[in-house]
>>> print(open('input39.txt').read())   # compact mmCIF, C-alpha atoms
# COMPACT_ATOMS: atom_id res chain seq x y z
CA MET A 12 -12.65 13.65 -15.83
CA ALA A 13 -10.73 11.77 -18.54
CA VAL A 14 -7.22 11.04 -17.29
CA TYR A 15 -4.70 8.75 -18.91
CA ILE A 16 -2.75 5.97 -17.24
CA LYS A 17 0.89 6.29 -18.27
CA GLY A 18 2.35 3.61 -16.04
CA MET A 19 1.37 1.23 -13.26
CA GLY A 20 2.97 -0.83 -10.54
CA ALA A 21 1.39 -3.37 -8.24
CA ILE A 22 2.59 -5.53 -5.40
CA SER A 23 -0.13 -7.96 -4.42
CA PRO A 24 -0.73 -11.56 -3.32
CA GLN A 25 -0.32 -12.42 -7.02
CA LYS A 26 2.83 -12.10 -9.13
CA THR A 27 1.90 -8.70 -10.47
CA TRP A 28 5.42 -7.47 -11.22
CA ASP A 29 7.96 -8.84 -13.73
CA ASP A 30 5.13 -10.86 -15.24
CA GLU A 31 4.31 -10.51 -18.92
CA THR A 32 1.52 -13.08 -18.86
CA LEU A 33 -1.07 -11.32 -16.67
CA LEU A 34 -2.13 -13.77 -13.99
CA SER A 35 -1.60 -16.89 -16.11
CA GLN A 36 -0.33 -18.62 -12.97
CA ALA A 37 -2.60 -17.33 -10.23
CA VAL A 38 -1.60 -18.17 -6.68
CA GLY A 39 -4.15 -19.72 -4.29
CA TYR A 40 -3.79 -19.55 -0.51
CA ARG A 41 -5.02 -21.80 2.28
CA GLY A 42 -6.51 -20.04 5.31
CA ASN A 43 -8.18 -16.67 5.47
CA ARG A 44 -5.24 -14.39 4.81
CA LEU A 45 -3.35 -13.48 1.65
CA THR A 46 0.19 -12.15 1.72
CA CYS A 47 1.90 -10.06 -0.92
CA ILE A 48 4.52 -11.57 -3.20
CA GLU A 49 7.25 -8.99 -2.75
CA PRO A 50 10.14 -8.07 -5.02
CA ASP A 51 13.75 -7.54 -3.92
CA TYR A 52 13.35 -4.02 -2.57
CA ASN A 53 17.11 -3.41 -2.71
CA GLN A 54 16.73 -3.17 -6.47
CA TRP A 55 14.36 -0.22 -6.06
CA ILE A 56 15.28 1.60 -2.86
CA ASP A 57 18.67 2.78 -1.59
CA ALA A 58 20.03 0.46 1.12
CA ARG A 59 20.70 3.33 3.53
CA THR A 60 17.06 4.42 3.35
CA ILE A 61 15.43 1.02 3.29
CA ARG A 62 16.60 0.03 6.77
CA ARG A 63 13.98 2.23 8.43
CA MET A 64 11.10 1.33 6.18
CA SER A 65 8.34 -1.00 7.30
CA ARG A 66 6.78 -3.39 4.79
CA ILE A 67 3.89 -1.11 3.76
CA ILE A 68 6.29 1.74 3.03
CA LYS A 69 8.51 -0.51 0.93
CA MET A 70 5.47 -1.90 -0.89
CA GLY A 71 4.00 1.53 -1.60
CA VAL A 72 7.25 3.23 -2.60
CA THR A 73 8.30 0.34 -4.85
CA ALA A 74 4.90 0.07 -6.56
CA ALA A 75 5.07 3.83 -7.24
CA PHE A 76 8.63 3.49 -8.58
CA MET A 77 7.47 0.66 -10.88
CA ALA A 78 4.70 2.93 -12.20
CA LEU A 79 7.14 5.81 -12.76
CA LYS A 80 9.53 3.49 -14.58
CA GLU A 81 6.81 2.24 -16.91
CA ALA A 82 5.65 5.81 -17.54
CA GLY A 83 9.20 6.98 -18.19
CA VAL A 84 8.77 9.76 -15.61
CA GLU A 85 11.69 10.54 -13.30
CA ARG A 86 10.04 13.05 -10.99
CA PRO A 87 6.25 13.47 -10.82
CA ASP A 88 4.37 16.75 -10.37
CA GLY A 89 2.44 15.42 -7.41
CA ILE A 90 2.04 12.39 -5.14
CA ILE A 91 -1.39 11.33 -3.87
CA THR A 92 -1.78 8.29 -1.67
CA GLY A 93 -4.85 6.48 -0.41
CA THR A 94 -4.59 4.14 2.57
CA GLY A 95 -7.42 2.86 4.70
CA LEU A 96 -5.39 1.88 7.74
CA GLY A 97 -1.96 3.39 7.16
CA CYS A 98 1.30 2.09 8.60
CA LEU A 99 -0.07 -0.47 11.03
CA GLU A 100 3.18 -2.35 11.64
CA ASP A 101 4.99 0.73 12.94
CA THR A 102 1.91 1.73 14.94
CA GLY A 103 1.92 -1.69 16.61
CA ILE A 104 5.67 -1.53 17.33
CA PHE A 105 5.66 1.89 18.96
CA LEU A 106 2.58 1.14 21.03
CA MET A 107 4.04 -2.19 22.21
CA LYS A 108 7.39 -0.61 23.09
CA MET A 109 5.69 2.26 24.86
CA THR A 110 3.74 -0.25 26.94
CA GLU A 111 6.86 -2.32 27.65
CA SER A 112 8.69 0.75 28.93
CA SER A 113 5.71 1.84 31.04
CA GLU A 114 5.28 4.86 28.79
CA MET A 115 8.69 6.19 29.83
CA ALA A 116 10.37 6.01 26.41
CA LEU A 117 9.15 6.30 22.87
CA ASN A 118 11.11 4.76 19.99
CA PRO A 119 11.24 7.56 17.44
CA THR A 120 11.44 5.62 14.17
CA PRO A 121 8.21 3.58 14.43
CA PHE A 122 6.45 6.58 15.99
CA ILE A 123 7.46 8.93 13.16
CA GLN A 124 6.63 6.34 10.53
CA SER A 125 3.32 5.22 11.98
CA THR A 126 1.38 8.06 10.38
CA HIS A 127 -0.71 7.47 7.28
CA ASN A 128 1.22 9.99 5.20
CA THR A 129 4.61 8.31 5.67
CA ILE A 130 4.36 6.44 2.36
CA GLY A 131 3.76 9.56 0.30
CA SER A 132 6.41 11.50 2.19
CA GLN A 133 9.03 8.79 1.76
CA MET A 134 8.34 8.85 -1.98
CA ALA A 135 8.76 12.62 -1.98
CA LEU A 136 12.05 12.40 -0.07
CA LEU A 137 13.47 9.71 -2.34
CA LEU A 138 12.34 11.49 -5.51
CA GLN A 139 13.17 14.96 -4.17
CA CYS A 140 9.63 15.89 -5.18
CA GLN A 141 8.61 19.04 -3.33
CA GLN A 142 5.30 19.48 -5.10
CA TYR A 143 1.73 18.56 -4.21
CA ASN A 144 1.62 15.70 -1.71
CA GLN A 145 -1.59 14.46 -0.18
CA THR A 146 -2.76 11.35 1.65
CA TYR A 147 -6.37 10.24 1.99
CA ALA A 148 -7.47 7.92 4.78
CA HIS A 149 -11.19 7.40 4.24
CA GLU A 150 -11.52 3.67 4.86
CA SER A 151 -12.69 2.04 1.63
CA PHE A 152 -12.97 5.38 -0.19
CA SER A 153 -9.30 6.23 0.42
CA PHE A 154 -8.05 5.27 -3.04
CA GLU A 155 -11.12 6.72 -4.73
CA SER A 156 -10.56 10.03 -2.90
CA ALA A 157 -6.92 10.04 -4.04
CA LEU A 158 -8.02 9.34 -7.60
CA LEU A 159 -10.62 12.08 -7.50
CA ASP A 160 -8.03 14.56 -6.20
CA ALA A 161 -5.64 13.57 -8.99
CA SER A 162 -8.32 14.07 -11.63
CA LEU A 163 -9.15 17.52 -10.22
CA GLN A 164 -5.45 18.47 -10.22
CA LEU A 165 -5.13 17.26 -13.81
CA GLU A 166 -8.22 19.17 -14.88
CA ASP A 167 -6.34 22.36 -13.96
CA TYR A 168 -2.90 21.18 -15.09
CA PRO A 169 -3.40 18.48 -17.74
CA ASP A 170 0.29 18.36 -18.71
CA GLN A 171 1.33 17.20 -15.25
CA ASN A 172 2.19 13.64 -14.28
CA ILE A 173 0.78 12.67 -10.92
CA VAL A 174 1.51 9.51 -8.96
CA VAL A 175 -1.61 8.16 -7.29
CA GLY A 176 -2.17 4.87 -5.56
CA GLY A 177 -3.69 2.80 -2.82
CA VAL A 178 -1.90 0.70 -0.23
CA ASP A 179 -2.77 -1.33 2.87
CA GLU A 180 -1.00 -4.04 4.83
CA ILE A 181 -1.97 -6.93 7.08
CA THR A 182 -0.03 -7.23 10.32
CA GLU A 183 -0.25 -9.91 13.01
CA ILE A 184 -2.02 -7.44 15.27
CA SER A 185 -4.49 -6.20 12.65
CA HIS A 186 -5.35 -9.73 11.57
CA THR A 187 -5.89 -10.79 15.20
CA VAL A 188 -8.14 -7.78 15.81
CA TYR A 189 -10.12 -8.37 12.61
CA ARG A 190 -10.62 -12.02 13.51
CA ARG A 191 -12.67 -10.91 16.52
CA PHE A 192 -15.25 -9.59 14.09
CA PRO A 193 -17.17 -12.09 12.00
CA VAL A 194 -15.92 -10.64 8.72
CA PHE A 195 -13.42 -13.30 7.64
CA ARG A 196 -14.00 -16.99 7.08
CA ARG A 197 -12.21 -19.32 9.47
CA GLU A 198 -10.56 -21.35 6.76
CA VAL A 199 -10.55 -21.52 2.98
CA ASN A 200 -8.84 -24.52 1.37
CA ASN A 201 -7.91 -22.60 -1.74
CA THR A 202 -8.66 -18.90 -2.05
CA LEU A 203 -8.98 -19.26 -5.83
CA THR A 204 -12.17 -21.26 -5.20
CA LEU A 205 -13.57 -18.59 -2.87
CA PHE A 206 -16.75 -18.12 -4.91
CA GLU A 207 -17.58 -21.80 -5.09
CA SER A 208 -19.09 -21.91 -1.61
CA ASP A 209 -21.89 -19.76 -0.32
CA GLU A 210 -20.73 -18.81 3.18
CA PRO A 211 -20.58 -15.65 5.23
CA GLY A 212 -17.18 -14.01 5.57
CA THR A 213 -14.43 -13.14 3.16
CA ILE A 214 -10.61 -13.38 3.11
CA HIS A 215 -8.14 -10.80 4.42
CA GLY A 216 -6.00 -9.14 1.77
CA GLU A 217 -3.36 -6.51 1.28
CA GLY A 218 -1.50 -4.79 -1.51
CA ALA A 219 -0.12 -1.68 -3.15
CA ALA A 220 -1.07 -0.40 -6.60
CA PHE A 221 0.17 2.91 -7.96
CA PHE A 222 -0.44 4.75 -11.22
CA VAL A 223 1.13 7.62 -13.09
CA LEU A 224 -1.71 9.72 -14.46
CA SER A 225 -1.80 12.66 -16.83
CA GLY A 226 -4.53 14.71 -18.43
CA LYS A 227 -2.73 14.68 -21.73
CA ARG A 228 -3.19 11.88 -24.24
CA GLY A 229 0.03 10.09 -25.21
CA GLU A 230 1.15 7.42 -27.60
CA HIS A 231 1.71 4.69 -25.05
CA ASP A 232 -1.21 5.21 -22.67
CA LEU A 233 -2.38 2.02 -21.00
CA ALA A 234 -6.02 3.05 -20.45
CA ARG A 235 -8.20 6.07 -19.89
CA ILE A 236 -10.12 6.66 -16.68
CA GLU A 237 -13.36 8.18 -17.80
CA ALA A 238 -15.43 8.63 -14.65
CA LEU A 239 -15.52 7.85 -10.95
CA THR A 240 -18.11 7.98 -8.19
CA THR A 241 -18.71 6.67 -4.70
CA LEU A 242 -21.95 5.66 -2.99
CA TYR A 243 -22.11 5.36 0.79
CA LYS A 244 -24.60 2.94 2.35
CA PRO A 245 -27.08 2.97 -0.53
CA ASP A 246 -30.13 0.70 -0.29
CA GLY A 247 -30.95 -1.49 -3.29
CA HIS A 248 -32.95 1.24 -5.02
CA GLN A 249 -30.34 3.95 -4.33
CA LEU A 250 -27.59 1.69 -5.64
CA LYS A 251 -29.37 1.10 -8.94
CA THR A 252 -30.28 4.78 -9.25
CA GLY A 253 -26.65 5.68 -8.46
CA ILE A 254 -25.25 3.34 -11.11
CA LYS A 255 -27.74 4.65 -13.69
CA LYS A 256 -26.86 8.27 -12.91
CA PHE A 257 -23.15 7.48 -13.07
CA LEU A 258 -23.49 5.92 -16.52
CA ASP A 259 -25.81 8.69 -17.75
CA ASP A 260 -23.37 11.37 -16.58
CA ALA A 261 -20.54 9.49 -18.33
CA GLY A 262 -22.63 9.32 -21.50
CA ILE A 263 -22.58 5.55 -21.79
CA SER A 264 -25.38 2.99 -21.69
CA PRO A 265 -25.17 -0.25 -19.68
CA ASP A 266 -25.08 -2.36 -22.84
CA ALA A 267 -21.95 -0.51 -23.99
CA ILE A 268 -20.03 -1.84 -20.99
CA ASP A 269 -18.01 -4.80 -22.28
CA LEU A 270 -16.94 -6.08 -18.90
CA VAL A 271 -17.90 -5.33 -15.32
CA LEU A 272 -15.05 -6.12 -12.97
CA VAL A 273 -16.81 -6.73 -9.69
CA GLY A 274 -15.35 -6.66 -6.19
CA LYS A 275 -17.51 -9.49 -4.85
CA SER A 276 -15.70 -10.71 -1.78
CA GLY A 277 -17.11 -14.22 -1.35
CA ASP A 278 -19.14 -13.00 1.65
CA ALA A 279 -22.65 -14.42 1.21
CA THR A 280 -23.99 -11.64 3.45
CA HIS A 281 -23.47 -9.05 0.72
CA ASP A 282 -22.58 -10.91 -2.47
CA GLN A 283 -26.14 -11.84 -3.42
CA GLU A 284 -27.16 -8.20 -3.67
CA THR A 285 -24.03 -7.42 -5.66
CA GLU A 286 -24.79 -10.36 -7.96
CA ASN A 287 -28.40 -9.26 -8.46
CA THR A 288 -27.39 -5.69 -9.21
CA THR A 289 -24.67 -6.52 -11.73
CA THR A 290 -26.52 -9.26 -13.58
CA SER A 291 -29.76 -7.28 -13.84
CA PHE A 292 -28.07 -4.03 -14.77
CA PHE A 293 -25.56 -5.45 -17.23
CA PRO A 294 -27.25 -8.48 -18.86
CA SER A 295 -25.10 -8.39 -21.98
CA SER A 296 -21.73 -7.60 -20.39
CA SER A 297 -19.02 -10.02 -19.42
CA ILE A 298 -18.41 -10.16 -15.68
CA GLY A 299 -15.05 -10.61 -13.96
CA LEU A 300 -14.10 -11.00 -10.30
CA PHE A 301 -10.86 -10.10 -8.52
CA LYS A 302 -11.06 -10.40 -4.73
CA HIS A 303 -10.16 -14.09 -4.73
CA LEU A 304 -6.82 -12.81 -6.07
CA CYS A 305 -6.11 -9.95 -3.67
CA GLY A 306 -8.45 -10.47 -0.71
CA GLU A 307 -10.60 -7.80 0.93
CA TYR A 308 -8.99 -4.62 2.23
CA PRO A 309 -9.84 -0.92 2.18
CA THR A 310 -7.85 -0.07 -0.96
CA ALA A 311 -8.59 -3.27 -2.93
CA SER A 312 -10.13 -1.06 -5.62
CA ALA A 313 -6.56 0.06 -6.51
CA PHE A 314 -5.76 -3.58 -7.33
CA GLY A 315 -9.04 -3.74 -9.27
CA LEU A 316 -8.07 -0.66 -11.28
CA TRP A 317 -4.61 -2.09 -11.97
CA LEU A 318 -6.21 -5.33 -13.21
CA ALA A 319 -8.85 -3.56 -15.33
CA ALA A 320 -6.21 -1.36 -16.99
CA ARG A 321 -3.86 -4.30 -17.62
CA MET A 322 -6.75 -6.23 -19.21
CA LEU A 323 -7.55 -3.27 -21.46
CA GLN A 324 -3.87 -2.99 -22.36
CA ALA A 325 -3.60 -6.71 -23.13
CA HIS A 326 -7.09 -6.92 -24.74
CA HIS A 327 -7.51 -10.05 -22.71
CA THR A 328 -9.36 -11.25 -19.62
CA PRO A 329 -7.39 -13.89 -17.69
CA ASP A 330 -9.30 -17.13 -17.16
CA VAL A 331 -8.97 -16.79 -13.39
CA VAL A 332 -10.89 -13.48 -13.55
CA VAL A 333 -13.76 -14.60 -15.84
CA TYR A 334 -17.10 -15.14 -14.10
CA ARG A 335 -19.40 -14.72 -17.09
CA ASP A 336 -17.98 -14.49 -20.57
CA THR A 337 -20.03 -12.97 -23.37
CA GLY A 338 -17.09 -12.98 -25.74
CA ARG A 339 -17.01 -9.23 -26.15
CA ALA A 340 -13.82 -7.36 -27.01
CA LEU A 341 -12.66 -5.08 -24.22
CA ASN A 342 -13.18 -1.38 -24.91
CA ASN A 343 -15.21 -0.18 -21.94
CA VAL A 344 -14.65 -1.70 -18.51
CA LEU A 345 -16.56 -0.76 -15.39
CA LEU A 346 -14.88 -1.45 -12.05
CA TYR A 347 -17.56 -1.86 -9.40
CA ASN A 348 -16.20 -2.32 -5.90
CA PRO A 349 -18.52 -2.88 -2.95
CA TYR A 350 -16.90 -3.04 0.50
CA PHE A 351 -18.79 -4.86 3.27
CA GLY A 352 -22.09 -3.55 1.89
CA THR A 353 -21.42 0.02 2.97
CA HIS A 354 -18.92 1.57 0.56
CA HIS A 355 -19.57 1.23 -3.17
CA SER A 356 -17.36 2.74 -5.85
CA LEU A 357 -17.61 2.85 -9.63
CA ILE A 358 -14.71 3.59 -11.98
CA LEU A 359 -15.20 3.62 -15.75
CA LEU A 360 -12.19 2.81 -17.94
CA LYS A 361 -11.81 2.96 -21.68
CA SER A 362 -9.29 1.42 -24.00
CA CYS A 363 -6.63 3.68 -25.53
CA ARG A 364 -6.37 1.55 -28.64
CA ASP A 365 -7.88 4.26 -30.83
CA THR A 366 -5.24 6.28 -32.67
CA LEU A 367 -4.18 9.71 -31.47
CA MET B 19 34.61 -2.52 29.00
CA GLU B 20 35.26 -4.96 26.13
CA LYS B 21 32.05 -6.86 26.82
CA LEU B 22 30.10 -3.62 27.08
CA ILE B 23 31.47 -2.45 23.72
CA ALA B 24 30.54 -5.79 22.10
CA ASP B 25 27.03 -5.62 23.60
CA LEU B 26 26.60 -2.04 22.44
CA LYS B 27 27.56 -2.92 18.87
CA LYS B 28 24.94 -5.67 18.82
CA GLN B 29 22.31 -3.37 20.29
CA ILE B 30 23.12 -0.57 17.83
CA VAL B 31 22.87 -2.90 14.81
CA GLU B 32 19.54 -4.19 16.08
CA ALA B 33 18.02 -0.87 17.19
CA LEU B 34 19.01 0.96 14.02
CA ASN B 35 18.26 -2.02 11.77
CA LEU B 36 21.73 -1.90 10.19
CA LYS B 37 21.18 -5.17 8.34
CA HIS B 38 24.13 -4.62 6.02
CA LEU B 39 26.53 -4.61 8.98
CA LYS B 40 27.73 -7.20 11.45
CA PRO B 41 28.41 -5.89 14.97
CA GLU B 42 32.10 -6.69 14.59
CA ASP B 43 32.26 -4.52 11.45
CA ILE B 44 31.89 -1.42 13.62
CA GLY B 45 35.25 -0.14 14.86
CA ASP B 46 35.50 0.85 18.52
CA ASP B 47 36.66 4.35 17.60
CA GLU B 48 34.81 4.64 14.28
CA PRO B 49 32.75 7.83 14.03
CA LEU B 50 29.04 7.03 14.17
CA PHE B 51 27.61 10.16 12.55
CA VAL B 52 28.09 11.77 9.15
CA GLU B 53 31.36 10.02 8.26
CA GLY B 54 31.93 6.45 9.42
CA LEU B 55 28.56 4.76 9.89
CA GLY B 56 26.73 7.80 8.50
CA LEU B 57 23.99 7.89 11.13
CA ASP B 58 21.57 10.82 11.29
CA SER B 59 19.41 12.73 13.76
CA ILE B 60 16.70 10.05 13.98
CA ASP B 61 19.41 7.52 14.84
CA ALA B 62 20.61 9.87 17.58
CA LEU B 63 17.13 9.76 19.11
CA GLU B 64 17.14 5.96 18.85
CA LEU B 65 20.50 5.84 20.67
CA ILE B 66 19.16 8.07 23.46
CA VAL B 67 16.20 5.70 23.87
CA LEU B 68 18.58 2.71 23.76
CA LEU B 69 20.62 4.10 26.67
CA GLN B 70 17.44 4.75 28.60
CA GLN B 71 15.87 1.34 27.96
CA GLN B 72 18.97 -0.89 28.18
CA TYR B 73 21.09 0.96 30.75
CA ASN B 74 18.59 3.17 32.55
CA ILE B 75 20.66 6.22 31.73
CA LYS B 76 19.04 9.51 30.80
CA ILE B 77 21.07 12.15 29.04
CA SER B 78 20.16 15.27 30.95
CA ASN B 79 22.19 17.72 28.90
CA PRO B 80 21.54 17.39 25.12
CA GLN B 81 24.65 19.52 24.47
CA GLU B 82 26.72 16.52 25.53
CA GLY B 83 25.20 14.37 22.76
CA PRO B 84 27.89 14.82 20.08
CA LYS B 85 30.63 13.98 22.61
CA ILE B 86 28.83 10.92 24.03
CA PHE B 87 27.79 9.49 20.66
CA LYS B 88 31.07 10.10 18.86
CA SER B 89 31.90 6.37 18.78
CA VAL B 90 30.95 3.10 20.44
CA LYS B 91 33.90 3.57 22.79
CA THR B 92 32.70 7.00 23.96
CA ILE B 93 29.20 5.64 24.56
CA ALA B 94 30.66 2.76 26.58
CA ALA B 95 32.77 5.20 28.60
CA TYR B 96 29.69 7.33 29.33
CA ILE B 97 27.70 4.27 30.43
CA THR B 98 30.54 3.05 32.64
CA ALA B 99 30.93 6.47 34.26
CA HIS B 100 27.23 6.89 34.92
CA GLN B 101 26.47 3.36 36.06
CA THR B 102 29.24 3.33 38.61
CA ALA B 103 28.52 6.88 39.76
>>> encode(input="input39.txt", output="structure tokens")
Amino acid sequence: MAVYIKGMGAISPQKTWDDETLLSQAVGYRGNRLTCIEPDYNQWIDARTIRRMSRIIKMGVTAAFMALKEAGVERPDGIITGTGLGCLEDTGIFLMKMTESSEMALNPTPFIQSTHNTIGSQMALLLQCQQYNQTYAHESFSFESALLDASLQLEDYPDQNIVVGGVDEITEISHTVYRRFPVFRREVNNTLTLFESDEPGTIHGEGAAFFVLSGKRGEHDLARIEALTTLYKPDGHQLKTGIKKFLDDAGISPDAIDLVLVGKSGDATHDQETENTTTSFFPSSSIGLFKHLCGEYPTASAFGLWLAARMLQAHHTPDVVVYRDTGRALNNVLLYNPYFGTHHSLILLKSCRDTL
Amino acid sequence: MEKLIADLKKQIVEALNLKHLKPEDIGDDEPLFVEGLGLDSIDALELIVLLQQQYNIKISNPQEGPKIFKSVKTIAAYITAHQTA
């Protein structure tokens, strides 16, 4: 499926924009919820348009604009968005207002903008992009589905530039609802030390990460996405078989993987199996972790892909990411993202350092 | 009428999220749509809901919309006429 990353943009609980140093000053949070560090959106979006946008729309649109800027692309040939839960803030507002007015009046703006595809459509409106536009809402496979669609589009039209990304937000309502389920820890003193204690539950995250992809190799490509797969509710044996098949199909052996970037979430319920799988399957690879930086959310793999590609671009693994360092140079990176033990995705990236 | 106009300006700024404007920046006779404030069709729907929620007034004839929503003053006049009726 080889597609090339031309540009990227990320808004996350870390300073992932206007930062040349790649997570040299990682931000830790107290509690069980991480919040995005947001840029001044007025620098990216017209003031007349921004007034109607909720936070997730601003985050998604701006991350996509950052990616387009880095890629040097003014108008893409397609926009593909993945979002697990969509525009929750607007959904909450219109439902609350509908309840307050005894279902007699419906505020149009939050209603119109509560749908999952609002982010992609706002991008299209602002960019005047009337081409392919698709949104995937498949829980933790949303971003992977968007990425798969982009790779299929680029297989047919390799010269195109397609914007693809993943975005999800935390709202007061969603966090309150999630807290009723035993999926998040009650309190974490510093989220950067998430993996130091062996407890059930993870931390709630959010973020937007967008990419400009093309099927055509260029001089300034940041990384190459070589292969992608998803595994739904595999048992231990199926997971190992699935990883082996993925690597075989991609024509790469486990010992050729320089770093496995793992989406362990700090949740002892599932992390042990993830740990066993990665350490037994990749004994000679370095291992990195990222969910202490972005938290757990359906499209966290988009943040993982952003981080993996930035590391390949910089030829460097930030200290805050390193879990096991074997000192290997980064050429092949495998992003392995498990989500609450049910959704597992694998994305293989390669460096673009080799000459054209 | 003056108080109603001042209230309406505040409610419009809040309902339409016109953060770049202060209520007093809106002229009583300033056109709300296209020229002037540059509002659009979604804003028109928001204003209809605002009249319904804040003043319990339903606009029965949509054809009257452009006349009613011409300016803050025309909205205030419509409210006054229909609340006292």
>>> interface_residues(input="input39.txt", of="chain A", to="chain B", cutoff="8 Å", atoms="only C-alpha atoms", output="MDAnalysis selection string")
chainID A and resid 62:63 112 116:120
>>> residues_around(input="input39.txt", residues="A:Leu316", least_positions_apart="4", cutoff="10 Å", atoms="only C-alpha atoms", output="list of chain:residue names")
A:Met19, A:Gly176, A:Ala220, A:Phe221, A:Phe222, A:Ile236, A:Leu272, A:Ala311, A:Ser312, A:Ala320, A:Arg321, A:Met322, A:Val344, A:Leu345, A:Leu346, A:Tyr347, A:Asn348, A:Ile358, A:Leu359, A:Leu360
>>> atom_distance(input="input39.txt", atom1="atom CA of A:Tyr40", atom2="atom CA of A:Cys98")
24.0 Å
>>> atom_distance(input="input39.txt", atom1="atom CA of A:Gly216", atom2="atom CA of A:Tyr308")
5.4 Å
>>> atom_distance(input="input39.txt", atom1="atom CA of B:Gly54", atom2="atom CA of B:Gly83")
16.9 Å
>>> closest_residue(input="input39.txt", among="A:Thr27, A:Leu357, A:Glu307, A:Gly103", to="A:Phe257", atoms="all atoms listed in the file")
A:Leu357
>>> decode(input="input39.txt", residues="stretch 37-48 of chain B", atoms="N, CA, C and O atoms", output="short mmCIF file (atom, residue, chain, number, x, y, z; two decimals), in the first residue's frame")
data_model
loop_
_atom_site.label_atom_id
_atom_site.label_comp_id
_atom_site.auth_asym_id
_atom_site.auth_seq_id
_atom_site.Cartn_x
_atom_site.Cartn_y
_atom_site.Cartn_z
N LYS B 37 -18.33 36.91 18.73
CA LYS B 37 -17.36 37.30 19.76
C LYS B 37 -16.60 38.57 19.41
O LYS B 37 -16.08 39.25 20.29
N HIS B 38 -16.50 38.86 18.12
CA HIS B 38 -15.74 40.04 17.70
C HIS B 38 -16.55 41.32 17.87
O HIS B 38 -16.04 42.41 17.61
N LEU B 39 -17.79 41.21 18.30
CA LEU B 39 -18.65 42.39 18.43
C LEU B 39 -19.11 42.58 19.86
O LEU B 39 -19.32 41.61 20.60
N LYS B 40 -19.27 43.86 20.25
CA LYS B 40 -19.95 44.15 21.51
C LYS B 40 -21.39 44.50 21.13
O LYS B 40 -21.62 45.06 20.04
N PRO B 41 -22.35 44.24 22.02
CA PRO B 41 -23.75 44.54 21.67
C PRO B 41 -23.92 45.97 21.18
O PRO B 41 -24.66 46.22 20.22
N GLU B 42 -23.22 46.90 21.83
CA GLU B 42 -23.40 48.31 21.46
C GLU B 42 -22.79 48.65 20.09
O GLU B 42 -23.05 49.73 19.55
N ASP B 43 -22.00 47.73 19.54
CA ASP B 43 -21.44 47.96 18.20
C ASP B 43 -22.51 47.82 17.11
O ASP B 43 -22.31 48.26 15.98
N ILE B 44 -23.60 47.14 17.44
CA ILE B 44 -24.65 46.92 16.43
C ILE B 44 -25.59 48.13 16.42
O ILE B 44 -26.18 48.48 17.43
N GLY B 45 -25.70 48.75 15.26
CA GLY B 45 -26.59 49.91 15.12
C GLY B 45 -28.05 49.46 15.11
O GLY B 45 -28.37 48.37 14.62
N ASP B 46 -28.91 50.30 15.66
CA ASP B 46 -30.35 49.95 15.72
C ASP B 46 -30.92 49.65 14.34
O ASP B 46 -31.73 48.74 14.17
N ASP B 47 -30.50 50.44 13.35
CA ASP B 47 -31.03 50.29 11.99
C ASP B 47 -30.08 49.56 11.05
O ASP B 47 -30.35 49.45 9.85
N GLU B 48 -28.97 49.06 11.59
CA GLU B 48 -27.97 48.41 10.74
C GLU B 48 -28.52 47.12 10.13
O GLU B 48 -29.11 46.29 10.85
#
